[in-house]
Amino acid sequence: MEIPKAYDPKLAEEQHYARWEAQGFFAPEINRDPHAPVYSIVIPPPNVTGSLHMGHALQHTVMDVLTRYHRMRGYRTLWLPGTDHAGISTQIQVEKQLRRDENLTRHDIGREKFLERVWQWKEKYGGEIQRQMRREGASVDWSRERFTMDEGLTRAVREFFVRMYEKGWIYRGEGLINWCPKDQTALSDLEVEKVEKKDGKLYYLQYPIKGSDRRVTVATTRPETMLGDTAVAVNPTDERYIDLVGATILLPLVNREIPIVADDFVDPTFGTGAVKVTPAHDQNDHAMGLRHNLPMIKVIDSQARMSADAGAEFESLDRYEAREKVVAKFEELGLLEKIADYEFSISQCGRCRTVIEPLLSVQWFLKQSAFGERPLELMRERHEPRFVPENPYEKVYTNWLEGLYDWTLSRQLWWGHRIPAWYDEAGNIFVARSEEDARKLAGTDKLTQDPDVLDTWFSSALWPISTLGWPDETDDLKTFYPTDVLVTARDIIFLWVARMMMTGLEFANDKAFKDVFITGTIFDKHGQRMSKSKGNGVDPLEVFDKYGVDATRIVLASIGTTDTRWNDSQVEAYRNFANKIWNAARFCLLNSEGAEVGKGFAGDAQTWTLHDRWIMSRLQKAVRDVSRSIEAYEFHAAVQALYHFFWDDFCDWYIELTKADVTATEPGEARDAARSRVLTVLEQALRLLHPFMPFITEELWQKLPGVGSQLLHAAYKDAVPTVMLAAYPQSREELIDERAESDIASIIELVSRVRNIRSEMNIKPGEQVRLLVAAPDRAARAVFESGAQQIARLVRASDILISESFDAPRASARAVLAGGAEVAVPLEGLIDFAKERERLRNEREKLEKEATRLEGQLSNQNFVERAPAEKVEELRQRLADIAQRTRMLGQTLEAFSE
RNA sequence: GCCCGCUUAGCUCAGUUGGUAGAGCGCACGCCUCACACGCGUGAAGUCGAAGGUUCGAGUCCUUCAGCGGGCACCA
């Protein structure tokens with residue numbers, strides 16, 4: 001068999017995915033066991049405009065590991081993919097294209113034509129991320145792929161809206177909302193980000209009081225809004241102003257008479273203690289306006305320009321121009337007291353970073369406070385969902401649910417779910433599942449549908465149920481809901497995670513998912529968040545190209561929930577690991593004649609060689625640790641267990657220990673058995689690795705002699721053989737053999753000590769040494785005797801003499817092993833006595849230090865009395881062993897010094 | 001202002017019931033040893049952010065502080 005020396009990931013990556021997909025391996029229907037347990041995950045739908053970034057790759061890897069693991073465990077497994085229509089982003093993308101290619105705006109071509117364009121765009125460019133997911137090896141069920149604007153999901157959205165409206169939780173009303181003047185739409189509070197403004201200014205403006213010479217000074221960061229002031233507020237307890245409450249102010253520039261009102265909201269210690277009130281353009285002022293029944297004058301329009309109500313002088317000025325002009329006017333009038341430097345934070349659009357304008361307008365809202373009760377109850381009573389890591393996310397989630405406010409649902413966009421509300425000519429509202437229903441309700445055909453669409457997160461909130469068929473009671477919904485885990489990033493816990501919980505509990509009467517796995521954030525190597533605008537993102541596709549998908553995946557899996565700085569060297573390390581796997585398999589395959597997976601480990605374990613019993617014992621422990629770790633979402637631990645089992649136990653020791661048997665020139669039963677065993681262990685390791693490294697494991701598994709449907713999990717027994725449907729190994733406790741492990745451990749220690757001597761004494765690698773081993777303990781001696789040939793091979797010894805005690809030549813390098821065995825390497829003419837003495841002294845020093853520490857601990861009465869007896873005993877044993885070894889080293893050293 | 005997290009070897013990170021500090025990379029030395037130089041062997045390297053406390057015993061529990069990073073509230 002021709003097998004290249006180095007693993008080329010491309011070959012495997014190009015072949016297997018298409019075959020898996022075509023064979024239907026990803027769909028739950030592949031599972032033929034009617035009683036199989038169910039495991040399901042819905043993907044956080046990436047934006048249809050998006051392309052893969054590291055965060056996706058991380059989430060997808062975690063989901064795929066879980067999916068593949070459970071599939072191999074025989075679960076009826078569904079990982080459901082899909083994309084989000086991403087209202088604003090997509091609309092803007094298409095508008096840009098329209099402008100670039102045809103110099104048209106959406107208004108030029110009209111709503112209907114524009115939407116056609118968006119759909120065309122989606123068909124043409126929307127498949128990018130799906131292609132990239134195939135590259136990742138994501139084992140999603142493409143037959144169930146969904147898009148948030150699909151017919152079924154659209155129906156779900158309308159159903160959601162209508163039911164909430166009927167319940168009175170959705171309402172239409174005037175409110176002060178976040179308006180993005182660039183995107184020309186309302187935004188929910190969650191889509192707004194606060195940014196510190198370091199070079200901010202605080203303007204102190206003086207307002208004259210009518211019928212008095214006094215002036216009240218107010219401080220503001222937005223002087224232009226004074227044109228819309230309808231009051232000045234002071235704290236009722238503020239003695240400076242108490243006599244002014246009820247007085248009238250003559251508002252400069254506009255000459256409006258406005259009252260001074262008293263309101264607890266005002267902090268007397270801030271600014272001047274007097275606040276200008278602009279109810280139409282500030283959240284707090286709006287609340288005060290409602291409390292005091294103040295007029296609400298809109299002086300800024302949706303373009304962030306001053307309106308007619310701002311006065312002829314200011315009308316149509318940009319808000320910032322207006323600001324300057326207002327300040328200049330105040331200065332002219334001698335009413336500008338001062339301008340102070342002031343740091344504060346401004347709200348900006350989360351998408352385009354334009355400064356938000358609070359605007360008073362009529363919108364649709366959802367009363368989330370009512371909606372949040374059941375998720376809170378679920379957390380309090382059943383502690384669900386379980387967040388991984390629990391800290392700090394459980395608290396973040398809970399705190400948010402405890403302080404819910406109304407959600408602005410409507411968006412002044414064209415691309416999205418149209419609000420299912422119609423108006424008759426009198427302006428009456430009819431909310432219905434279809435226009436037809438609305439007509440029936442209204443008793444007229446003359447209806448106009450609300451032009452707005454819903455916040456994209458409205459449809460996202462339904463994702464786990466809508467993708468499974470809700471509002472119909474489909475089989476999928478019955479089978480796969482609730483889902484097992486949601487894997488996502490921390491920044492959408494409120495926007496999405498909490499809301500899915502709300503809708504799931506409301507409509508499907510059950511939680512949307514049992515667990516929530518919050519992935520870590522991947523930063524660049526300087527600790528900066530990766531972002532498009534900074535251009536510091538690492539493209540997963542490039543990493544795939546450079547190091548292979550499997551290597552990237554296993555690194556991502558071990559990142560898991562940790563915030564980490566990306567560095568390629570880790571991926572390189574796992575690229576090397578992949579190559580190690582490749583070459584271990586290469587070794588097995590080059591020596592596979594007469595051998596088959598599954599053979600060799602038949603019969604009584606006691607008839608196997610020591611190293612066979614050892615590797616099987618190690619394998620069981622690895623299997624146990626890996627499974628446990630995956631189930632606890634501790635992927636890092638799982639990866640470590642796999643890495644060290646494969647590299648250290650299997651490659652460094654097992655293959656080396658069995659090599660002589662496997663590569664024996666004489667064919668025969670013994671050689672066949674040794675070859676079959678190494679193949680069998682390899683095959684099990686490939687299965688264990690498969691969820692993390694799907695491509696290389698499939699590539700190699702397919703090459704192994706003896707693999708076939710008998711290795712598949714019973715639920716897939718009719719399927720075409722593939723490692724992805726093989727049964728995930730289960731730990732067999734009866735094969736754990738502590739005796740074999742300690743026996744091999746002593747051989748490993750012996751080999752390591754001799755290698756150390758060779759290295760320290762500068763013995764040329766090609767040079768053979770003689771080895772003398774003295775083991776007073778009969779059992780230990782038996783172990784060394786049985787492993788003599790292997791030991792000789794591993795330390796390059798020409799011969800090895802094992803006895804109860806020895807009288808080694810003086811010119812020998814020596815070491816004392818745990819348990820009191822001793823080893824000597826005669827080095828006639830080669831030994832550097834001074835160096836050997838130093839080596840031994842160092843060794844003794846280390847032991848003595850340890851002994852001193854142990855003695856100290858054991859002579860502490862408190863310790864002996866209070867620590868558990870077995871702990872004390874353990875330390876005594878250790879001390880005894882060390883004392884003996886120290887003595888022996890001392891003797892050796894003495895003999896040396898003569 | 002309130003709440004939370006992080007601080008362990010030069011770098012990136014593990015360390016889950018408190019009981020001899022770990023990995024990978026990097027570094028040093030020696031090796032193309034018949035699976036693998038994407039490799040093999042050997043080695044050096046940490047007062048576990050600081051100070052207290054609880055305990056026979058603390059990287060691990062408690063308190064305070066410092067640096068970094070989150071979340072929430074406020075921001076006239």
# chains A, B, ... in the order shown; residues from 1 in each chain; ligands from 1
call {"tool": "residues_around", "arguments": {"residues": "range 7-24 of chain B", "least_positions_apart": "5", "cutoff": "9 Å", "atoms": "only C-alpha atoms (C1' of nucleotides)", "output": "list in words"}}
result
Ile559, Thr564, Arg565, Trp566, Asn567, Ser569, Gln570, Ala573, His636, Ala637, Gln640, Glu850, Leu854, Ala867 and Lys871 of chain A; A45, G46, C48, G49, U55, G57, A58, G59, U60, C61, G67 and C68 of chain B
call {"tool": "write_last_selection", "arguments": {"atoms": "N, CA, C and O atoms (P, O5', C5', C4', C3', O3' and C1' of nucleotides)", "output": "tab-separated table (two decimals), in the first residue's frame"}}
result
chain	number	residue	atom	x	y	z
A	559	ILE	N	-10.72	25.50	22.91
A	559	ILE	CA	-10.94	26.88	23.37
A	559	ILE	C	-12.26	26.96	24.13
A	559	ILE	O	-12.33	27.52	25.21
A	564	THR	N	-9.75	33.94	24.48
A	564	THR	CA	-8.36	33.59	24.18
A	564	THR	C	-7.80	34.43	23.04
A	564	THR	O	-8.55	34.96	22.22
A	565	ARG	N	-6.52	34.58	23.06
A	565	ARG	CA	-5.86	35.28	21.97
A	565	ARG	C	-5.45	34.24	20.93
A	565	ARG	O	-4.79	33.27	21.26
A	566	TRP	N	-5.85	34.51	19.72
A	566	TRP	CA	-5.58	33.53	18.66
A	566	TRP	C	-4.09	33.51	18.35
A	566	TRP	O	-3.46	34.53	18.20
A	567	ASN	N	-3.54	32.31	18.28
A	567	ASN	CA	-2.22	32.22	17.65
A	567	ASN	C	-2.11	30.93	16.86
A	567	ASN	O	-2.53	29.87	17.29
A	569	SER	N	0.25	29.11	16.28
A	569	SER	CA	1.17	28.04	16.69
A	569	SER	C	0.41	26.89	17.34
A	569	SER	O	0.84	25.74	17.28
A	570	GLN	N	-0.73	27.21	17.94
A	570	GLN	CA	-1.53	26.12	18.50
A	570	GLN	C	-2.08	25.22	17.41
A	570	GLN	O	-2.11	24.01	17.55
A	573	ALA	N	0.48	23.02	16.14
A	573	ALA	CA	0.72	21.88	17.02
A	573	ALA	C	-0.26	20.75	16.72
A	573	ALA	O	0.12	19.57	16.70
A	636	HIS	N	-11.84	20.94	26.48
A	636	HIS	CA	-10.40	21.03	26.66
A	636	HIS	C	-9.85	19.75	27.28
A	636	HIS	O	-8.86	19.19	26.84
A	637	ALA	N	-10.55	19.29	28.30
A	637	ALA	CA	-10.12	18.07	28.97
A	637	ALA	C	-10.21	16.87	28.02
A	637	ALA	O	-9.33	16.01	28.00
A	640	GLN	N	-7.27	17.06	25.62
A	640	GLN	CA	-6.03	16.67	26.29
A	640	GLN	C	-5.94	15.15	26.46
A	640	GLN	O	-4.91	14.55	26.21
A	850	GLU	N	12.81	16.43	49.08
A	850	GLU	CA	11.48	15.84	49.18
A	850	GLU	C	11.32	15.14	50.53
A	850	GLU	O	10.29	15.26	51.19
A	854	LEU	N	8.64	15.82	53.55
A	854	LEU	CA	7.75	14.79	54.06
A	854	LEU	C	7.94	14.57	55.56
A	854	LEU	O	6.98	14.42	56.31
A	867	ALA	N	-5.24	14.72	59.69
A	867	ALA	CA	-5.38	14.33	58.28
A	867	ALA	C	-5.92	12.92	58.22
A	867	ALA	O	-5.74	12.14	59.14
A	871	LYS	N	-4.10	9.19	54.00
A	871	LYS	CA	-3.19	10.20	53.49
A	871	LYS	C	-1.86	10.10	54.23
A	871	LYS	O	-0.79	10.14	53.63
B	45	A	P	15.83	24.71	36.68
B	45	A	O5'	14.78	25.74	36.05
B	45	A	C5'	15.19	27.08	35.77
B	45	A	C4'	14.13	27.78	34.99
B	45	A	C3'	12.76	27.84	35.69
B	45	A	O3'	12.71	28.93	36.58
B	45	A	C1'	12.49	27.21	33.42
B	46	G	P	12.28	28.72	38.11
B	46	G	O5'	10.76	29.16	38.11
B	46	G	C5'	10.32	30.34	37.41
B	46	G	C4'	8.87	30.52	37.68
B	46	G	C3'	8.50	30.56	39.17
B	46	G	O3'	8.53	31.91	39.60
B	46	G	C1'	7.00	29.16	37.94
B	48	C	P	3.68	31.70	44.31
B	48	C	O5'	3.39	31.77	42.74
B	48	C	C5'	2.63	32.84	42.14
B	48	C	C4'	1.59	32.25	41.23
B	48	C	C3'	0.16	32.51	41.68
B	48	C	O3'	-0.38	33.39	40.69
B	48	C	C1'	0.50	30.23	41.07
B	49	G	P	-1.58	34.33	40.98
B	49	G	O5'	-0.89	35.76	41.13
B	49	G	C5'	0.15	36.15	40.25
B	49	G	C4'	0.44	37.59	40.48
B	49	G	C3'	0.54	37.99	41.94
B	49	G	O3'	1.83	37.76	42.47
B	49	G	C1'	-0.92	39.47	40.83
B	55	U	P	-8.37	28.11	62.24
B	55	U	O5'	-7.96	26.91	61.27
B	55	U	C5'	-8.92	25.94	60.86
B	55	U	C4'	-8.31	25.02	59.85
B	55	U	C3'	-6.99	24.39	60.27
B	55	U	O3'	-7.19	23.27	61.12
B	55	U	C1'	-6.83	25.18	58.05
B	57	G	P	-1.99	24.86	59.29
B	57	G	O5'	-1.85	24.27	57.81
B	57	G	C5'	-0.53	24.03	57.29
B	57	G	C4'	-0.62	23.30	55.99
B	57	G	C3'	-1.43	24.00	54.90
B	57	G	O3'	-0.61	24.94	54.23
B	57	G	C1'	-2.07	21.73	55.02
B	58	A	P	-1.28	26.23	53.59
B	58	A	O5'	-2.13	25.63	52.35
B	58	A	C5'	-1.52	25.20	51.12
B	58	A	C4'	-2.28	25.85	49.98
B	58	A	C3'	-1.98	27.32	49.84
B	58	A	O3'	-1.57	27.70	48.54
B	58	A	C1'	-4.32	26.96	50.16
B	59	G	P	-0.60	27.13	47.64
B	59	G	O5'	-1.19	27.63	46.24
B	59	G	C5'	-1.11	29.00	45.89
B	59	G	C4'	-2.06	29.27	44.74
B	59	G	C3'	-3.53	29.04	45.04
B	59	G	O3'	-4.11	30.20	45.57
B	59	G	C1'	-2.96	27.96	43.00
B	60	U	P	-5.38	30.11	46.52
B	60	U	O5'	-6.35	29.01	45.92
B	60	U	C5'	-7.39	29.36	44.97
B	60	U	C4'	-8.15	28.09	44.64
B	60	U	C3'	-9.09	27.63	45.74
B	60	U	O3'	-10.42	27.58	45.23
B	60	U	C1'	-7.66	25.86	45.06
B	61	C	P	-11.29	28.92	45.27
B	61	C	O5'	-11.76	28.93	46.80
B	61	C	C5'	-12.87	28.15	47.22
B	61	C	C4'	-13.17	28.47	48.67
B	61	C	C3'	-13.11	29.94	49.03
B	61	C	O3'	-14.32	30.60	48.72
B	61	C	C1'	-11.87	28.70	50.62
B	67	G	P	-5.12	50.21	39.79
B	67	G	O5'	-4.71	49.17	38.65
B	67	G	C5'	-3.42	49.24	38.05
B	67	G	C4'	-3.23	48.05	37.12
B	67	G	C3'	-4.34	47.85	36.10
B	67	G	O3'	-4.19	48.68	34.96
B	67	G	C1'	-3.91	45.80	37.17
B	68	C	P	-5.51	49.18	34.17
B	68	C	O5'	-5.98	47.86	33.41
B	68	C	C5'	-5.15	47.25	32.43
B	68	C	C4'	-5.71	45.92	32.02
B	68	C	C3'	-7.16	45.93	31.54
B	68	C	O3'	-7.28	46.37	30.20
B	68	C	C1'	-6.89	44.15	33.05
call {"tool": "closest_atom_pairs", "arguments": {"of": "chain A", "to": "chain B", "cutoff": "8 Å", "atoms": "only C-alpha atoms (C1' of nucleotides)", "output": "CSV"}}
result
residue,atom,partner,partner_atom,distance
A:Lys5,CA,B:C36,C1',7.0
A:Ala6,CA,B:C36,C1',7.7
A:Val218,CA,B:A76,C1',7.2
A:Ala219,CA,B:A76,C1',5.5
A:Thr220,CA,B:A76,C1',5.2
A:Thr221,CA,B:A76,C1',7.6
A:Phe270,CA,B:A76,C1',7.9
A:Gly271,CA,B:A76,C1',7.0
A:Ala274,CA,B:A76,C1',7.5
A:Val275,CA,B:A76,C1',5.0
A:Lys276,CA,B:A76,C1',6.7
A:Phe344,CA,B:C75,C1',5.8
A:Ser345,CA,B:C75,C1',6.8
A:Pro392,CA,B:C4,C1',6.1
A:Val396,CA,B:G71,C1',6.9
A:Thr564,CA,B:U12,C1',7.8
A:Arg565,CA,B:U12,C1',7.1
A:Trp566,CA,B:U12,C1',8.0
A:Asn567,CA,B:U12,C1',7.2
A:Ser569,CA,B:C25,C1',6.3
A:Gln570,CA,B:G24,C1',6.9
A:Glu572,CA,B:C38,C1',7.9
A:Ala573,CA,B:G24,C1',6.9
A:Arg575,CA,B:C38,C1',6.7
A:Asn576,CA,B:C38,C1',4.4
A:Phe577,CA,B:C38,C1',7.8
A:Asn579,CA,B:C38,C1',6.1
A:Lys580,CA,B:C36,C1',6.1
A:Asn583,CA,B:A35,C1',4.7
A:Ala584,CA,B:A35,C1',5.3
A:Ala585,CA,B:A35,C1',7.4
A:Arg586,CA,B:A35,C1',5.5
A:Phe587,CA,B:A35,C1',4.0
A:Cys588,CA,B:A35,C1',7.7
A:His636,CA,B:A14,C1',7.8
A:Ala637,CA,B:A14,C1',7.9
A:Arg755,CA,B:G41,C1',7.2
A:Asn756,CA,B:U42,C1',5.9
A:Ser759,CA,B:U42,C1',5.6
A:Glu760,CA,B:U42,C1',7.4
A:Asn762,CA,B:G30,C1',7.7
A:Pro765,CA,B:C31,C1',6.7
A:Gly766,CA,B:U33,C1',7.7
A:Asn860,CA,B:C56,C1',7.1
A:Gln861,CA,B:C56,C1',7.6
A:Asn862,CA,B:C56,C1',4.5
A:Phe863,CA,B:C56,C1',3.7
A:Val864,CA,B:C56,C1',7.4
A:Glu865,CA,B:C56,C1',7.9
A:Arg866,CA,B:C56,C1',6.3
A:Ala867,CA,B:C56,C1',6.8
A:Lys871,CA,B:G19,C1',7.5
call {"tool": "write_last_selection", "arguments": {"atoms": "C-alpha atoms", "output": "PDB file, in the first residue's frame"}}
result
ATOM      1  CA  LYS A   5       4.783  10.218   4.624  1.00  0.00           C
ATOM      2  CA  ALA A   6       2.976  13.434   5.400  1.00  0.00           C
ATOM      3  CA  VAL A 218     -29.524  74.844  32.985  1.00  0.00           C
ATOM      4  CA  ALA A 219     -26.726  72.547  31.836  1.00  0.00           C
ATOM      5  CA  THR A 220     -27.069  70.493  28.682  1.00  0.00           C
ATOM      6  CA  THR A 221     -25.014  68.450  26.253  1.00  0.00           C
ATOM      7  CA  PHE A 270     -25.545  67.632  39.371  1.00  0.00           C
ATOM      8  CA  GLY A 271     -24.961  70.599  37.099  1.00  0.00           C
ATOM      9  CA  ALA A 274     -32.075  72.823  37.168  1.00  0.00           C
ATOM     10  CA  VAL A 275     -32.881  70.709  34.139  1.00  0.00           C
ATOM     11  CA  LYS A 276     -34.309  71.785  30.832  1.00  0.00           C
ATOM     12  CA  PHE A 344     -20.375  61.285  28.818  1.00  0.00           C
ATOM     13  CA  SER A 345     -21.608  58.472  26.681  1.00  0.00           C
ATOM     14  CA  PRO A 392     -21.453  34.844  35.100  1.00  0.00           C
ATOM     15  CA  VAL A 396     -26.642  38.129  33.482  1.00  0.00           C
ATOM     16  CA  THR A 564      -8.358  33.586  24.176  1.00  0.00           C
ATOM     17  CA  ARG A 565      -5.863  35.278  21.965  1.00  0.00           C
ATOM     18  CA  TRP A 566      -5.577  33.534  18.664  1.00  0.00           C
ATOM     19  CA  ASN A 567      -2.224  32.216  17.651  1.00  0.00           C
ATOM     20  CA  SER A 569       1.170  28.043  16.695  1.00  0.00           C
ATOM     21  CA  GLN A 570      -1.529  26.119  18.504  1.00  0.00           C
ATOM     22  CA  GLU A 572       0.305  24.130  13.988  1.00  0.00           C
ATOM     23  CA  ALA A 573       0.717  21.881  17.022  1.00  0.00           C
ATOM     24  CA  ARG A 575      -1.568  19.943  12.505  1.00  0.00           C
ATOM     25  CA  ASN A 576       1.438  18.031  13.781  1.00  0.00           C
ATOM     26  CA  PHE A 577      -0.877  15.888  15.835  1.00  0.00           C
ATOM     27  CA  ASN A 579       0.343  14.107  11.034  1.00  0.00           C
ATOM     28  CA  LYS A 580       1.221  11.938  14.012  1.00  0.00           C
ATOM     29  CA  ASN A 583       1.941   8.202  10.560  1.00  0.00           C
ATOM     30  CA  ALA A 584       0.845   5.923  13.366  1.00  0.00           C
ATOM     31  CA  ALA A 585      -1.768   4.625  10.954  1.00  0.00           C
ATOM     32  CA  ARG A 586       0.839   4.432   8.263  1.00  0.00           C
ATOM     33  CA  PHE A 587       2.934   2.216  10.492  1.00  0.00           C
ATOM     34  CA  CYS A 588      -0.012  -0.025  11.231  1.00  0.00           C
ATOM     35  CA  HIS A 636     -10.396  21.029  26.662  1.00  0.00           C
ATOM     36  CA  ALA A 637     -10.116  18.067  28.975  1.00  0.00           C
ATOM     37  CA  ARG A 755      18.052   7.336  28.386  1.00  0.00           C
ATOM     38  CA  ASN A 756      18.839  10.127  30.789  1.00  0.00           C
ATOM     39  CA  SER A 759      22.107  11.740  27.211  1.00  0.00           C
ATOM     40  CA  GLU A 760      23.917  13.179  30.203  1.00  0.00           C
ATOM     41  CA  ASN A 762      27.030  12.053  25.972  1.00  0.00           C
ATOM     42  CA  PRO A 765      23.049   7.458  19.786  1.00  0.00           C
ATOM     43  CA  GLY A 766      24.521   4.764  17.621  1.00  0.00           C
ATOM     44  CA  ASN A 860       3.678  17.563  62.707  1.00  0.00           C
ATOM     45  CA  GLN A 861       1.399  16.086  65.376  1.00  0.00           C
ATOM     46  CA  ASN A 862      -1.519  18.067  64.076  1.00  0.00           C
ATOM     47  CA  PHE A 863      -1.162  16.620  60.636  1.00  0.00           C
ATOM     48  CA  VAL A 864      -0.852  13.037  61.848  1.00  0.00           C
ATOM     49  CA  GLU A 865      -3.869  13.418  64.070  1.00  0.00           C
ATOM     50  CA  ARG A 866      -6.170  15.374  61.809  1.00  0.00           C
ATOM     51  CA  ALA A 867      -5.376  14.334  58.282  1.00  0.00           C
ATOM     52  CA  LYS A 871      -3.192  10.200  53.495  1.00  0.00           C
TER      53      LYS A 871
END
call {"tool": "atom_distance", "arguments": {"atom1": "CA of Leu505 in chain A", "atom2": "CA of Arg411 in chain A"}}
result
25.8 Å
call {"tool": "closest_residue", "arguments": {"among": "A:Arg814, A:Arg529, A:Lys659, A:Lys201", "to": "Asp563 in chain A", "atoms": "only C-alpha atoms"}}
result
A:Arg529
call {"tool": "select_by_dssp", "arguments": {"residues": "range 163-294 of chain A", "states": "strand (DSSP E)", "output": "VMD selection string"}}
result
chain A and resid 170 to 180 185 to 187 192 to 197 201 to 208 215 to 220 231 to 234 248 to 251 256 to 262 274 to 277
call {"tool": "atom_distance", "arguments": {"atom1": "CA of Phe517 in chain A", "atom2": "CA of Trp79 in chain A"}}
result
15.1 Å
call {"tool": "select_by_dssp", "arguments": {"residues": "range 568-612 of chain A", "states": "alpha helix (DSSP H)", "output": "compact mmCIF listing (two decimals) with N, CA, C and O atoms, in the first residue's frame"}}
result
# COMPACT_ATOMS: atom_id res chain seq x y z
N ASP A 568 -1.54 31.08 15.70
CA ASP A 568 -1.44 29.97 14.77
C ASP A 568 -0.63 28.81 15.32
O ASP A 568 -0.80 27.67 14.89
N SER A 569 0.25 29.11 16.28
CA SER A 569 1.17 28.04 16.69
C SER A 569 0.41 26.89 17.34
O SER A 569 0.84 25.74 17.28
N GLN A 570 -0.73 27.21 17.94
CA GLN A 570 -1.53 26.12 18.50
C GLN A 570 -2.08 25.22 17.41
O GLN A 570 -2.11 24.01 17.55
N VAL A 571 -2.54 25.87 16.35
CA VAL A 571 -3.09 25.08 15.25
C VAL A 571 -2.00 24.25 14.61
O VAL A 571 -2.20 23.09 14.23
N GLU A 572 -0.83 24.86 14.55
CA GLU A 572 0.30 24.13 13.99
C GLU A 572 0.58 22.88 14.83
O GLU A 572 0.86 21.80 14.29
N ALA A 573 0.48 23.02 16.14
CA ALA A 573 0.72 21.88 17.02
C ALA A 573 -0.26 20.75 16.72
O ALA A 573 0.12 19.57 16.70
N TYR A 574 -1.52 21.12 16.47
CA TYR A 574 -2.50 20.07 16.18
C TYR A 574 -2.43 19.60 14.73
O TYR A 574 -2.87 18.50 14.43
N ARG A 575 -1.89 20.43 13.85
CA ARG A 575 -1.57 19.94 12.51
C ARG A 575 -0.54 18.82 12.66
O ARG A 575 -0.64 17.76 12.04
N ASN A 576 0.43 19.06 13.52
CA ASN A 576 1.44 18.03 13.78
C ASN A 576 0.81 16.78 14.38
O ASN A 576 1.22 15.66 14.08
N PHE A 577 -0.18 17.02 15.23
CA PHE A 577 -0.88 15.89 15.84
C PHE A 577 -1.58 15.06 14.75
O PHE A 577 -1.52 13.83 14.76
N ALA A 578 -2.22 15.76 13.83
CA ALA A 578 -2.88 15.06 12.73
C ALA A 578 -1.85 14.23 11.95
O ALA A 578 -2.11 13.09 11.57
N ASN A 579 -0.70 14.83 11.76
CA ASN A 579 0.34 14.11 11.03
C ASN A 579 0.82 12.89 11.82
O ASN A 579 1.14 11.85 11.26
N LYS A 580 0.82 13.06 13.15
CA LYS A 580 1.22 11.94 14.01
C LYS A 580 0.23 10.80 13.87
O LYS A 580 0.60 9.63 13.75
N ILE A 581 -1.04 11.15 13.84
CA ILE A 581 -2.09 10.14 13.68
C ILE A 581 -1.91 9.44 12.33
O ILE A 581 -1.94 8.22 12.23
N TRP A 582 -1.66 10.26 11.34
CA TRP A 582 -1.46 9.73 9.99
C TRP A 582 -0.32 8.71 9.98
O TRP A 582 -0.44 7.62 9.43
N ASN A 583 0.77 9.08 10.61
CA ASN A 583 1.94 8.20 10.56
C ASN A 583 1.82 6.98 11.45
O ASN A 583 2.39 5.93 11.13
N ALA A 584 1.09 7.11 12.54
CA ALA A 584 0.85 5.92 13.37
C ALA A 584 0.03 4.94 12.54
O ALA A 584 0.32 3.74 12.51
N ALA A 585 -0.95 5.48 11.81
CA ALA A 585 -1.77 4.62 10.95
C ALA A 585 -0.92 4.05 9.82
O ALA A 585 -1.06 2.88 9.44
N ARG A 586 -0.04 4.88 9.34
CA ARG A 586 0.84 4.43 8.26
C ARG A 586 1.65 3.22 8.72
O ARG A 586 1.78 2.23 8.01
N PHE A 587 2.18 3.33 9.93
CA PHE A 587 2.93 2.22 10.49
C PHE A 587 2.07 0.96 10.57
O PHE A 587 2.48 -0.13 10.16
N CYS A 588 0.88 1.13 11.09
CA CYS A 588 -0.01 -0.02 11.23
C CYS A 588 -0.33 -0.63 9.87
O CYS A 588 -0.34 -1.86 9.71
N LEU A 589 -0.59 0.23 8.91
CA LEU A 589 -0.99 -0.26 7.59
C LEU A 589 0.17 -0.91 6.83
O LEU A 589 -0.02 -1.89 6.12
N LEU A 590 1.36 -0.36 7.01
CA LEU A 590 2.51 -0.94 6.34
C LEU A 590 2.83 -2.32 6.92
O LEU A 590 3.56 -3.10 6.32
N LEU A 610 1.86 -8.19 28.35
CA LEU A 610 1.74 -7.12 29.34
C LEU A 610 1.40 -5.79 28.67
O LEU A 610 0.51 -5.08 29.13
N HIS A 611 2.10 -5.47 27.59
CA HIS A 611 1.81 -4.17 26.98
C HIS A 611 0.45 -4.13 26.32
O HIS A 611 -0.16 -3.08 26.22
N ASP A 612 -0.06 -5.28 25.91
CA ASP A 612 -1.43 -5.31 25.38
C ASP A 612 -2.43 -5.00 26.48
O ASP A 612 -3.36 -4.23 26.30
call {"tool": "closest_residue", "arguments": {"among": "A:Trp470, A:Phe833, A:Tyr39, A:Tyr397", "to": "Met761 in chain A", "atoms": "only C-alpha atoms"}}
result
A:Phe833
call {"tool": "atom_distance", "arguments": {"atom1": "CA of Ala670 in chain A", "atom2": "CA of Gln606 in chain A"}}
result
15.4 Å
